[in-house]
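Have a look at my_file_37.txt below; it lists compact mmCIF, C-alpha atoms and all ligand atoms.
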# COMPACT_ATOMS: atom_id res chain seq x y z
CA MET T 69 61.87 60.18 -105.70
CA LYS T 70 64.47 62.82 -104.92
CA SER T 71 67.55 63.72 -106.92
CA ASN T 72 69.96 63.11 -104.04
CA GLN T 73 68.90 59.49 -103.53
CA PRO T 74 71.47 56.91 -104.71
CA ILE T 75 71.36 54.65 -107.74
CA GLY T 76 71.35 50.94 -106.90
CA ILE T 77 73.13 48.63 -109.32
CA PHE T 78 73.29 44.86 -109.02
CA ASP T 79 74.85 41.91 -110.76
CA SER T 80 75.61 38.28 -110.00
CA GLY T 81 79.13 39.35 -109.09
CA ILE T 82 81.57 42.02 -110.06
CA GLY T 83 81.07 41.99 -113.85
CA GLY T 84 78.33 44.62 -113.47
CA LEU T 85 81.03 47.04 -112.34
CA THR T 86 81.54 47.72 -116.08
CA VAL T 87 78.02 49.18 -115.98
CA ALA T 88 78.76 51.12 -112.76
CA ARG T 89 81.85 52.52 -114.45
CA ALA T 90 79.84 53.57 -117.54
CA VAL T 91 77.21 55.20 -115.28
CA LYS T 92 79.88 57.05 -113.26
CA LYS T 93 81.38 58.34 -116.50
CA VAL T 94 78.17 59.93 -117.83
CA LEU T 95 76.64 60.82 -114.42
CA PRO T 96 79.62 61.79 -112.25
CA ASN T 97 77.53 63.35 -109.43
CA GLU T 98 75.40 60.31 -108.70
CA SER T 99 75.90 58.28 -105.53
CA LEU T 100 76.07 54.57 -106.31
CA ILE T 101 75.30 51.50 -104.24
CA TYR T 102 76.61 48.44 -106.04
CA PHE T 103 75.65 44.95 -104.98
CA GLY T 104 77.35 41.82 -106.33
CA ASP T 105 75.65 38.55 -105.43
CA THR T 106 78.96 36.73 -105.25
CA ALA T 107 77.44 34.02 -103.03
CA HIS T 108 75.32 32.89 -106.01
CA LEU T 109 77.76 33.51 -108.85
CA PRO T 110 77.39 32.64 -111.72
CA TYR T 111 73.78 33.45 -112.63
CA GLY T 112 74.47 32.30 -116.19
CA ASP T 113 74.03 28.66 -115.15
CA LYS T 114 71.12 29.14 -112.70
CA SER T 115 67.42 28.48 -113.32
CA THR T 116 65.05 31.33 -114.09
CA ALA T 117 63.18 30.73 -110.81
CA ALA T 118 66.37 30.97 -108.74
CA ILE T 119 67.48 34.21 -110.45
CA GLN T 120 64.01 35.70 -109.93
CA ALA T 121 64.09 34.94 -106.22
CA TYR T 122 67.57 36.43 -105.79
CA SER T 123 66.72 39.54 -107.83
CA VAL T 124 63.55 40.41 -105.91
CA ARG T 125 65.36 40.04 -102.59
CA ILE T 126 68.21 42.27 -103.82
CA ALA T 127 65.73 44.88 -105.10
CA GLU T 128 64.14 44.93 -101.64
CA MET T 129 67.53 45.55 -100.04
CA LEU T 130 68.26 48.41 -102.47
CA LEU T 131 64.85 49.95 -101.79
CA LYS T 132 65.66 49.93 -98.07
CA GLN T 133 68.77 51.93 -98.98
CA ARG T 134 66.43 54.54 -100.58
CA CYS T 135 67.64 54.02 -104.15
CA LYS T 136 65.77 56.13 -106.71
CA VAL T 137 66.80 53.75 -109.50
CA ILE T 138 67.49 50.02 -109.48
CA LEU T 139 69.65 48.99 -112.40
CA ILE T 140 69.92 45.29 -113.18
CA ALA T 141 73.50 45.23 -114.46
CA CYS T 142 73.43 41.60 -115.53
CA ASN T 143 72.02 40.22 -118.76
CA SER T 144 71.15 36.89 -117.15
CA ALA T 145 69.11 38.61 -114.41
CA SER T 146 67.64 41.09 -116.92
CA SER T 147 66.43 38.15 -119.05
CA ALA T 148 65.02 36.22 -116.13
CA ALA T 149 63.71 38.84 -113.73
CA TYR T 150 63.18 42.33 -115.20
CA ASP T 151 59.38 42.09 -115.44
CA LEU T 152 59.06 40.60 -111.97
CA VAL T 153 61.38 43.15 -110.35
CA THR T 154 59.58 46.02 -112.11
CA GLU T 155 56.24 44.79 -110.82
CA TYR T 156 57.62 44.23 -107.33
CA VAL T 157 59.25 47.66 -107.10
CA GLY T 158 56.20 49.46 -108.52
CA LYS T 159 56.35 53.23 -108.00
CA ARG T 160 58.99 53.04 -105.28
CA ALA T 161 61.90 53.37 -107.78
CA LYS T 162 62.57 53.25 -111.50
CA VAL T 163 63.91 49.90 -112.70
CA PHE T 164 66.35 49.61 -115.60
CA ASP T 165 67.75 46.48 -117.15
CA VAL T 166 70.54 46.14 -119.69
CA ILE T 167 68.34 44.70 -122.46
CA ASN T 168 65.63 47.32 -123.13
CA PRO T 169 68.05 50.25 -123.65
CA THR T 170 69.93 48.08 -126.16
CA ILE T 171 66.69 47.26 -127.98
CA ASP T 172 65.85 50.99 -128.09
CA TYR T 173 69.29 51.68 -129.54
CA ILE T 174 68.71 49.04 -132.22
CA ARG T 175 65.25 50.47 -133.01
CA GLU T 176 66.78 53.87 -133.65
CA ASN T 177 69.95 52.82 -135.45
CA HIS T 178 69.35 49.55 -137.28
CA ASN T 179 67.09 48.24 -139.98
CA ASP T 180 67.50 45.40 -142.50
CA ASP T 181 70.55 44.18 -140.61
CA LYS T 182 71.88 40.88 -139.41
CA ILE T 183 72.56 41.30 -135.70
CA GLY T 184 74.41 38.77 -133.56
CA LEU T 185 74.52 38.36 -129.81
CA ILE T 186 76.98 36.62 -127.53
CA GLY T 187 76.08 35.91 -123.91
CA THR T 188 75.77 33.33 -121.15
CA LYS T 189 73.72 30.15 -121.59
CA GLN T 190 70.91 31.69 -119.53
CA THR T 191 70.74 34.86 -121.63
CA VAL T 192 70.86 32.98 -124.94
CA SER T 193 68.37 30.27 -123.96
CA ALA T 194 65.92 32.78 -122.44
CA GLY T 195 65.68 34.35 -125.93
CA VAL T 196 64.54 37.75 -124.64
CA TYR T 197 66.71 39.75 -127.05
CA GLY T 198 65.41 37.74 -130.02
CA ARG T 199 61.76 38.21 -129.02
CA LYS T 200 62.16 41.94 -128.46
CA ILE T 201 64.00 42.44 -131.75
CA GLU T 202 61.24 40.53 -133.53
CA GLU T 203 58.65 42.83 -131.95
CA LEU T 204 60.41 45.80 -133.59
CA LYS T 205 59.27 44.42 -136.98
CA GLN T 206 62.34 45.97 -138.60
CA ASN T 207 63.38 43.19 -140.93
CA ILE T 208 66.36 42.37 -138.73
CA THR T 209 67.83 38.88 -138.79
CA PHE T 210 68.87 37.93 -135.28
CA THR T 211 71.30 35.21 -134.32
CA SER T 212 72.84 34.32 -130.95
CA LEU T 213 75.59 32.19 -129.54
CA ALA T 214 76.26 31.11 -125.95
CA THR T 215 79.89 31.79 -125.13
CA PRO T 216 80.23 30.33 -121.61
CA LEU T 217 84.03 30.25 -121.51
CA LEU T 218 84.31 34.03 -121.66
CA VAL T 219 83.15 34.87 -118.11
CA PRO T 220 85.59 32.53 -116.30
CA MET T 221 88.32 33.53 -118.76
CA ILE T 222 87.88 37.25 -117.94
CA GLU T 223 87.54 36.61 -114.21
CA GLU T 224 90.81 34.70 -114.27
CA GLY T 225 92.44 37.77 -115.79
CA ILE T 226 92.97 36.04 -119.13
CA TYR T 227 92.46 38.74 -121.75
CA ASN T 228 94.62 40.62 -124.23
CA ASP T 229 96.80 37.54 -124.69
CA GLN T 230 97.14 34.56 -127.01
CA ILE T 231 94.74 32.31 -125.07
CA SER T 232 91.92 34.87 -125.03
CA HIS T 233 92.63 35.66 -128.68
CA ASP T 234 92.19 31.98 -129.60
CA ILE T 235 89.02 31.51 -127.53
CA ILE T 236 87.44 34.68 -128.91
CA LYS T 237 88.38 33.65 -132.45
CA LYS T 238 86.86 30.19 -131.96
CA TYR T 239 83.56 31.72 -130.86
CA LEU T 240 83.40 34.53 -133.41
CA ASN T 241 84.23 32.08 -136.20
CA ASP T 242 81.11 30.11 -135.32
CA PRO T 243 78.73 29.70 -138.30
CA ALA T 244 75.95 31.30 -136.18
CA LEU T 245 77.75 34.66 -136.38
CA VAL T 246 78.73 34.64 -140.04
CA GLY T 247 77.72 37.78 -141.96
CA ILE T 248 76.56 39.83 -138.99
CA LYS T 249 76.68 43.63 -139.23
CA SER T 250 76.52 44.27 -135.46
CA LEU T 251 77.32 42.26 -132.38
CA ILE T 252 75.58 42.80 -129.04
CA LEU T 253 77.81 42.18 -126.04
CA GLY T 254 75.07 40.41 -124.09
CA CYS T 255 77.01 40.02 -120.87
CA THR T 256 78.31 42.71 -118.57
CA HIS T 257 81.72 41.03 -118.42
CA TYR T 258 82.36 41.46 -122.13
CA PRO T 259 83.26 45.17 -122.33
CA ILE T 260 86.62 44.02 -120.93
CA ILE T 261 87.33 42.15 -124.19
CA LYS T 262 85.69 44.69 -126.51
CA THR T 263 89.05 45.76 -127.96
CA GLU T 264 89.94 42.15 -128.77
CA ILE T 265 86.57 41.57 -130.39
CA LYS T 266 87.00 44.71 -132.49
CA ALA T 267 90.52 43.57 -133.44
CA TYR T 268 89.16 40.19 -134.59
CA TYR T 269 86.75 41.88 -137.01
CA GLN T 270 89.43 44.29 -138.22
CA GLU T 271 91.73 41.33 -138.94
CA HIS T 272 88.91 39.80 -140.99
CA ASN T 273 88.13 43.07 -142.78
CA ALA T 274 84.58 42.91 -141.51
CA HIS T 275 82.70 46.07 -140.53
CA VAL T 276 80.87 44.93 -137.44
CA GLU T 277 79.54 47.45 -134.93
CA ILE T 278 80.00 46.34 -131.35
CA ILE T 279 76.95 47.23 -129.23
CA ASP T 280 77.97 47.56 -125.61
CA SER T 281 74.97 47.27 -123.29
CA ALA T 282 76.88 48.98 -120.44
CA GLU T 283 77.06 52.14 -122.55
CA THR T 284 73.49 51.99 -123.87
CA VAL T 285 72.02 51.63 -120.37
CA ALA T 286 74.19 54.43 -118.95
CA GLN T 287 72.92 56.78 -121.68
CA ALA T 288 69.30 55.69 -121.14
CA LEU T 289 69.64 56.32 -117.40
CA LYS T 290 71.13 59.76 -118.02
CA SER T 291 68.23 60.70 -120.33
CA PHE T 292 65.70 59.46 -117.78
CA LEU T 293 67.23 61.43 -114.89
CA GLU T 294 67.54 64.58 -116.98
CA TYR T 295 63.96 64.34 -118.26
CA HIS T 296 62.57 63.86 -114.75
CA GLN T 297 64.92 66.42 -113.18
CA LEU T 298 66.41 63.76 -110.97
CA VAL T 299 70.09 64.37 -111.73
CA ASN T 300 72.00 64.82 -108.48
CA LYS T 301 73.39 68.34 -108.08
CA ASP T 302 75.53 67.38 -105.10
CA GLN T 303 79.21 67.52 -106.02
CA SER T 304 80.35 64.87 -103.53
CA PRO T 305 78.78 61.55 -104.46
CA SER T 306 79.33 58.46 -102.32
CA TYR T 307 80.13 54.96 -103.53
CA GLN T 308 79.39 51.74 -101.71
CA PHE T 309 80.32 48.32 -103.01
CA LEU T 310 78.52 45.44 -101.34
CA VAL T 311 78.82 41.69 -101.89
CA SER T 312 77.06 38.65 -100.44
CA ASP T 313 80.29 36.67 -100.13
CA PHE T 314 83.79 38.03 -99.82
CA THR T 315 87.14 36.77 -101.01
CA GLU T 316 90.26 38.83 -101.63
CA ALA T 317 90.25 37.59 -105.21
CA PHE T 318 86.92 39.38 -105.79
CA GLU T 319 88.33 42.62 -104.41
CA HIS T 320 91.43 42.30 -106.52
CA THR T 321 89.39 41.67 -109.67
CA THR T 322 87.32 44.84 -109.16
CA LYS T 323 90.14 46.78 -110.83
CA THR T 324 89.53 44.94 -114.10
CA PHE T 325 85.90 45.95 -114.17
CA PHE T 326 85.75 49.34 -112.47
CA GLY T 327 89.10 50.72 -113.61
CA LYS T 328 90.40 50.93 -110.04
CA GLU T 329 90.37 48.57 -107.10
CA VAL T 330 87.49 49.23 -104.69
CA HIS T 331 86.79 48.14 -101.14
CA LEU T 332 84.10 45.45 -101.00
CA GLU T 333 81.85 45.15 -97.94
CA LYS T 334 80.14 41.87 -97.20
CA ILE T 335 76.49 42.19 -96.16
CA PRO T 336 74.51 39.26 -94.74
CA ILE T 337 71.63 39.55 -97.21
CA TRP T 338 70.95 35.80 -97.35
CA ASP T 339 71.52 34.94 -93.68
CA GLU T 340 68.06 35.86 -92.46
CA LEU T 341 66.51 33.57 -95.09
CA GLY T 342 68.05 30.61 -93.26
N1 LIG J 1 77.41 39.46 -115.69
C1 LIG J 1 76.55 38.36 -116.03
C2 LIG J 1 75.70 38.73 -117.25
O1 LIG J 1 75.69 39.85 -117.71
C3 LIG J 1 77.30 37.10 -116.35
C4 LIG J 1 77.93 36.43 -115.16
C5 LIG J 1 77.11 35.32 -114.61
O2 LIG J 1 76.91 34.29 -115.27
O3 LIG J 1 76.69 35.44 -113.48
O4 LIG J 1 74.99 37.88 -117.77
Would you write the structure of this file as structure tokens?
Amino acid sequence: MKSNQPIGIFDSGIGGLTVARAVKKVLPNESLIYFGDTAHLPYGDKSTAAIQAYSVRIAEMLLKQRCKVILIACNSASSAAYDLVTEYVGKRAKVFDVINPTIDYIRENHNDDKIGLIGTKQTVSAGVYGRKIEELKQNITFTSLATPLLVPMIEEGIYNDQISHDIIKKYLNDPALVGIKSLILGCTHYPIIKTEIKAYYQEHNAHVEIIDSAETVAQALKSFLEYHQLVNKDQSPSYQFLVSDFTEAFEHTTKTFFGKEVHLEKIPIWDELG
């Protein structure tokens, strides 16, 4: 691995751009290759086997682009395919997901707490967060809730308004989340509504820490690159944004997630599979 190789980041679509944005913020010299599997969006409703097959194929494509790191910027794919992708990639690159850095953060900062998680149906039913928190043996009570309306809501640009306020309130009022001290945003779309989630808890005078997996993974990646002297010294990083299916709506929505609109390039990753 060499420091000037790019970092590959992938997600089911463009939600993982929140992770790319967090990475760019803490590692401004890194070149990024982002891939959104928009042809298969959403992963949240797909089977584990399907997500595994997509993820391995995407990892292969990112390896061909000489990525030193492959970052799975999707909780659904992290739940379903992290172990498989790590095994497949082997020593060719370092693989990160968005779950393990969050678990490490919890290990270091939480004990005797009640921690909640919101995420897609896939992430909640896979139960990976719950199992890993249990393995910490830290007397943490873990509870999770699938919140499937939030991804389409955010993608439709419905946030910071009355409708999103009501939907968020309905979910956060759920008995499953009563009495939590921290809430994991278990979906890479959710940083977009972090302010609204914080506002809900402020309105209810509840002190709930919001754990943003985009930030925890960006910090973990930074520590890894620094430790292994793999931080890029080059001052002119390049950015490439690839998708497996293109519509103008996707391109337009990139602004929500990345902070500015980016040019999406369609690559025929699935064509050769027939
Ligand atoms: N960004 C995905 C995640 O973090 C959710 C979108 C999807 O369902 O594909 O789980």
Counting only C-alpha atoms and all ligand atoms, what are the residues of chain T within 6 Å of ligand LIG 1 (chain J), and for each of them which pair of atoms is the nearest and at what distance in Å, to one decimal? Sort the table by chain and rising number, as a Markdown table.
| residue | atom | partner | partner_atom | distance |
| --- | --- | --- | --- | --- |
| T:Ser80 | CA | J:LIG1 | O3 | 4.6 |
| T:Gly83 | CA | J:LIG1 | N1 | 4.8 |
| T:Gly84 | CA | J:LIG1 | N1 | 5.7 |
| T:Leu109 | CA | J:LIG1 | O3 | 5.1 |
| T:Pro110 | CA | J:LIG1 | O3 | 3.4 |
| T:Tyr111 | CA | J:LIG1 | O3 | 3.6 |
| T:Gly112 | CA | J:LIG1 | O2 | 3.3 |
| T:Cys142 | CA | J:LIG1 | O1 | 3.6 |
| T:Asn143 | CA | J:LIG1 | O1 | 3.8 |
| T:Ser144 | CA | J:LIG1 | O4 | 4.0 |
| T:Thr188 | CA | J:LIG1 | O4 | 5.7 |
| T:Cys255 | CA | J:LIG1 | O1 | 3.4 |
| T:Thr256 | CA | J:LIG1 | O1 | 4.0 |
| T:His257 | CA | J:LIG1 | N1 | 5.3 |
So that I can check the surroundings of Thr191 in chain T, please list as a PyMOL selection string every protein, DNA and RNA residue that reaches within 12 Å of it, counting all atoms listed in the file and ignoring chain neighbours fewer than 5 positions away. chain T and resi 111-116+119+142-149+166-167+185-186+196-198+212-216+252-256
Provide the CA of Tyr268 in chain T to CA of Gly225 in chain T distance in Å, to one decimal place. 19.2 Å
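Among the candidate residues T:Ile171, T:Ile101, T:Phe292, T:Lys136, the one lying nearest to Val157 in chain T is T:Lys136, with distances computed using only C-alpha atoms.
Each of T:Arg199, T:Lys301, T:Lys132, T:Lys238 was checked against Asn72 in chain T using only C-alpha atoms; the smallest atom-to-atom distance is that of T:Lys301.
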Best match for closeness to Thr284 in chain T among T:Val246, T:Leu218, T:Ala117, T:Ile174, counting all atoms listed in the file: T:Ile174
Name the closest residue to Asp180 in chain T among the candidates T:Thr324, T:Gln270, T:Ser304, T:Gln206; distances are taken between atoms, counting all atoms listed in the file. T:Gln206
Given all atoms listed in the file as the counted atoms, nearest of T:Leu310, T:Leu131, T:Ile140, T:Ile183 to Gly158 in chain T: T:Leu131
One decimal place gives the CA of Arg89 in chain T-CA of Thr106 in chain T separation as 18.5 Å
Output as lines of an AutoDock Vina configuration file the centre and edge lengths (Å, one decimal) of the box along x, y and z of the file that holds every listed atom of range 295-305 of chain T after adding 6 Å on each side.
center_x = 71.5
center_y = 64.9
center_z = -110.9
size_x = 29.8
size_y = 18.8
size_z = 26.7
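Interatomic distance, CA of Leu289 in chain T to CA of Leu204 in chain T: 21.4 Å.
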Taking into account all atoms listed in the file, which residue in the set T:Leu217, T:Lys200, T:Ser71, T:Val285 is nearest to Tyr239 in chain T? T:Leu217
For Ile77 in chain T, work out the shell of residues within 7 Å, counting all atoms listed in the file and skipping chain neighbours fewer than 4 positions away, then give it as a PyMOL selection string. chain T and resi 101-103+138-141
Spatial neighbours of Glu333 in chain T, max dist 12 Å, all atoms listed in the file, sep filter under 2 positions, as a PDB file with C-alpha atoms, keeping the file's coordinate frame:
ATOM      1  CA  ILE T 101      75.300  51.500-104.240  1.00  0.00           C
ATOM      2  CA  TYR T 102      76.610  48.440-106.040  1.00  0.00           C
ATOM      3  CA  PHE T 103      75.650  44.950-104.980  1.00  0.00           C
ATOM      4  CA  GLY T 104      77.350  41.820-106.330  1.00  0.00           C
ATOM      5  CA  ASP T 105      75.650  38.550-105.430  1.00  0.00           C
ATOM      6  CA  THR T 106      78.960  36.730-105.250  1.00  0.00           C
ATOM      7  CA  TYR T 307      80.130  54.960-103.530  1.00  0.00           C
ATOM      8  CA  GLN T 308      79.390  51.740-101.710  1.00  0.00           C
ATOM      9  CA  PHE T 309      80.320  48.320-103.010  1.00  0.00           C
ATOM     10  CA  LEU T 310      78.520  45.440-101.340  1.00  0.00           C
ATOM     11  CA  VAL T 311      78.820  41.690-101.890  1.00  0.00           C
ATOM     12  CA  SER T 312      77.060  38.650-100.440  1.00  0.00           C
ATOM     13  CA  ASP T 313      80.290  36.670-100.130  1.00  0.00           C
ATOM     14  CA  PHE T 314      83.790  38.030 -99.820  1.00  0.00           C
ATOM     15  CA  THR T 315      87.140  36.770-101.010  1.00  0.00           C
ATOM     16  CA  GLU T 316      90.260  38.830-101.630  1.00  0.00           C
ATOM     17  CA  PHE T 318      86.920  39.380-105.790  1.00  0.00           C
ATOM     18  CA  GLU T 319      88.330  42.620-104.410  1.00  0.00           C
ATOM     19  CA  VAL T 330      87.490  49.230-104.690  1.00  0.00           C
ATOM     20  CA  HIS T 331      86.790  48.140-101.140  1.00  0.00           C
ATOM     21  CA  ILE T 335      76.490  42.190 -96.160  1.00  0.00           C
ATOM     22  CA  PRO T 336      74.510  39.260 -94.740  1.00  0.00           C
ATOM     23  CA  ILE T 337      71.630  39.550 -97.210  1.00  0.00           C
TER      24      ILE T 337
END
Spatial sel., origin (64.8, 44.1, -107.2), limit 7 Å, only C-alpha atoms, listed as a ChimeraX atom specification: /T:123-128,138,153,157
Using the partial input, fill out range 211-223 of chain T with N, CA and C atoms; write the result as a tab-separated table (two decimals), in the coordinates of the input.
chain	number	residue	atom	x	y	z
T	211	THR	N	70.65	36.49	-134.56
T	211	THR	CA	71.30	35.21	-134.32
T	211	THR	C	72.08	35.30	-133.00
T	212	SER	N	72.13	34.21	-132.24
T	212	SER	CA	72.84	34.32	-130.95
T	212	SER	C	73.68	33.09	-130.68
T	213	LEU	N	74.67	33.28	-129.86
T	213	LEU	CA	75.59	32.19	-129.54
T	213	LEU	C	75.97	32.27	-128.06
T	214	ALA	N	75.80	31.15	-127.34
T	214	ALA	CA	76.26	31.11	-125.95
T	214	ALA	C	77.78	30.96	-125.95
T	215	THR	N	78.43	31.80	-125.16
T	215	THR	CA	79.89	31.79	-125.13
T	215	THR	C	80.36	31.65	-123.66
T	216	PRO	N	80.05	30.47	-123.06
T	216	PRO	CA	80.23	30.33	-121.61
T	216	PRO	C	81.68	30.38	-121.11
T	217	LEU	N	82.63	30.21	-121.99
T	217	LEU	CA	84.03	30.25	-121.51
T	217	LEU	C	84.50	31.68	-121.21
T	218	LEU	N	83.78	32.66	-121.75
T	218	LEU	CA	84.31	34.03	-121.66
T	218	LEU	C	84.28	34.61	-120.24
T	219	VAL	N	83.22	34.30	-119.47
T	219	VAL	CA	83.15	34.87	-118.11
T	219	VAL	C	84.30	34.33	-117.24
T	220	PRO	N	84.46	33.00	-117.13
T	220	PRO	CA	85.59	32.53	-116.30
T	220	PRO	C	86.95	32.99	-116.85
T	221	MET	N	87.05	33.07	-118.15
T	221	MET	CA	88.32	33.53	-118.76
T	221	MET	C	88.65	34.95	-118.26
T	222	ILE	N	87.65	35.85	-118.34
T	222	ILE	CA	87.88	37.25	-117.94
T	222	ILE	C	88.14	37.32	-116.44
T	223	GLU	N	87.36	36.55	-115.66
T	223	GLU	CA	87.54	36.61	-114.21
T	223	GLU	C	88.90	36.10	-113.78
